[in-house]
Every structure is written in structure tokens, then in C-alpha cells.
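First the structure, in the form of C-alpha cells, and then the observations on it.
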Amino acid sequence: MSIVKINVLTVPAEQREVLEQRFASRAGAVEESDGFEWFELLRPVEGTDQYLVYTRWRSEEDFQAWMNGSMKAAHGGGGAGGAEGGERPRPAASGSTLWSFEVVQQASPKS
């Protein structure tokens, strides 16, 4: 079965719109990755300043290949420069934690 990765991002209230715009502009960055199955950006409703970035993958190997390939390149990992024409923008999140899960059961709506 699939694996799920949830990136827990602590986002101050004044950075929420910035974070959501950045995710909206990523336009298919992960969808073309081998083994990618699903993505959701979950906005907190009450009681927390943590967004959840939910992704589901065919395997841990597929996730690691994405992390070490296109994700690393998109986030400037190891490369010089950054954003075109100058410095990289400041991160919208003030903290990040990655949770990992294996899917052991699943259900979908009945037709």
C-alpha cells in the first residue's frame, strides 16, 4: 500500500496568504513525479497556526527520489543563486516537521 507524508508547517497569521499563494503558484511541481498519488494543503480552522501539507506516494523510494530531485531543485537545495534576479524570498513558515505513515486501510465512497 501507499505511504503518506505530512509536512506540518507553523505559519504566523501574517504569512498565511503568502504561503497559500506560493503553493498555488507551484503549478504541478509534484504532480509529474513518478509514484506521486495525491496532494492537499490543509489550512487550520481554529486553535492552531499549523498548516498540513499532505502527500501520498506509491512507495518510500518514490518519495525519496522526489525529495532528492525536483523538490530539492525547486527549493534551491545545494544550488547557487536562488530566486531569479536576486535573493530567495523569506520562508512563510517559521517551523516544519515531517510525519510519515503507511496506509494500512482505506475506503472510498460507495457508488
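Going by the C-alpha cells order, chains are called A, B, ..., each with residues numbered from 1, while ligands are numbered from 1 in the order shown.
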Determine, using only C-alpha atoms, which residues of range 2-41 of chain A have any atom at most 10 Å from an atom of range 48-62 of chain A, and tabulate each with its shortest atom pair and distance in Å to one decimal place, rows ordered by chain and then rising number, as a Markdown table.
```
| residue | atom | partner | partner_atom | distance |
| --- | --- | --- | --- | --- |
| A:Ser2 | CA | A:Arg58 | CA | 4.7 |
| A:Ile3 | CA | A:Trp57 | CA | 5.3 |
| A:Val4 | CA | A:Arg56 | CA | 4.4 |
| A:Lys5 | CA | A:Thr55 | CA | 5.3 |
| A:Ile6 | CA | A:Tyr54 | CA | 4.6 |
| A:Asn7 | CA | A:Val53 | CA | 4.9 |
| A:Val8 | CA | A:Leu52 | CA | 4.8 |
| A:Leu9 | CA | A:Tyr51 | CA | 5.1 |
| A:Thr10 | CA | A:Gln50 | CA | 4.4 |
| A:Val11 | CA | A:Asp49 | CA | 5.6 |
| A:Pro12 | CA | A:Asp49 | CA | 6.3 |
| A:Ala13 | CA | A:Asp49 | CA | 7.2 |
| A:Arg16 | CA | A:Tyr51 | CA | 8.9 |
| A:Leu19 | CA | A:Tyr51 | CA | 9.4 |
| A:Glu20 | CA | A:Tyr51 | CA | 9.8 |
| A:Phe23 | CA | A:Val53 | CA | 9.8 |
| A:Val30 | CA | A:Thr55 | CA | 9.4 |
| A:Ser33 | CA | A:Asp62 | CA | 8.1 |
| A:Asp34 | CA | A:Asp62 | CA | 6.4 |
| A:Gly35 | CA | A:Arg58 | CA | 4.8 |
| A:Phe36 | CA | A:Trp57 | CA | 4.7 |
| A:Glu37 | CA | A:Trp57 | CA | 5.2 |
| A:Trp38 | CA | A:Arg56 | CA | 5.0 |
| A:Phe39 | CA | A:Thr55 | CA | 4.5 |
| A:Glu40 | CA | A:Tyr54 | CA | 5.0 |
| A:Leu41 | CA | A:Val53 | CA | 4.7 |
```
Subject >> strand (DSSP E or B) per DSSP on the backbone: members of chain A, as a PyMOL selection string >> reply: chain A and resi 3-10+36-42+50-57+95-102
Original post:
What is the distance, in Å and to one decimal place, between CA of Pro44 in chain A and CA of Gly69 in chain A?
Top reply: 29.3 Å
**OP:** Grab the CA of Asn68 in chain A to CA of Trp99 in chain A distance for me, in Å with one decimal place.
**Re:**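 A separation of 17.5 Å between them.
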**OP:** Enter the distance from CA of Gln106 in chain A to CA of Leu42 in chain A, in Å, rounded to one decimal.
**Re:**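 So the two atoms, CA of Gln106 in chain A and CA of Leu42 in chain A, lie 19.6 Å apart.
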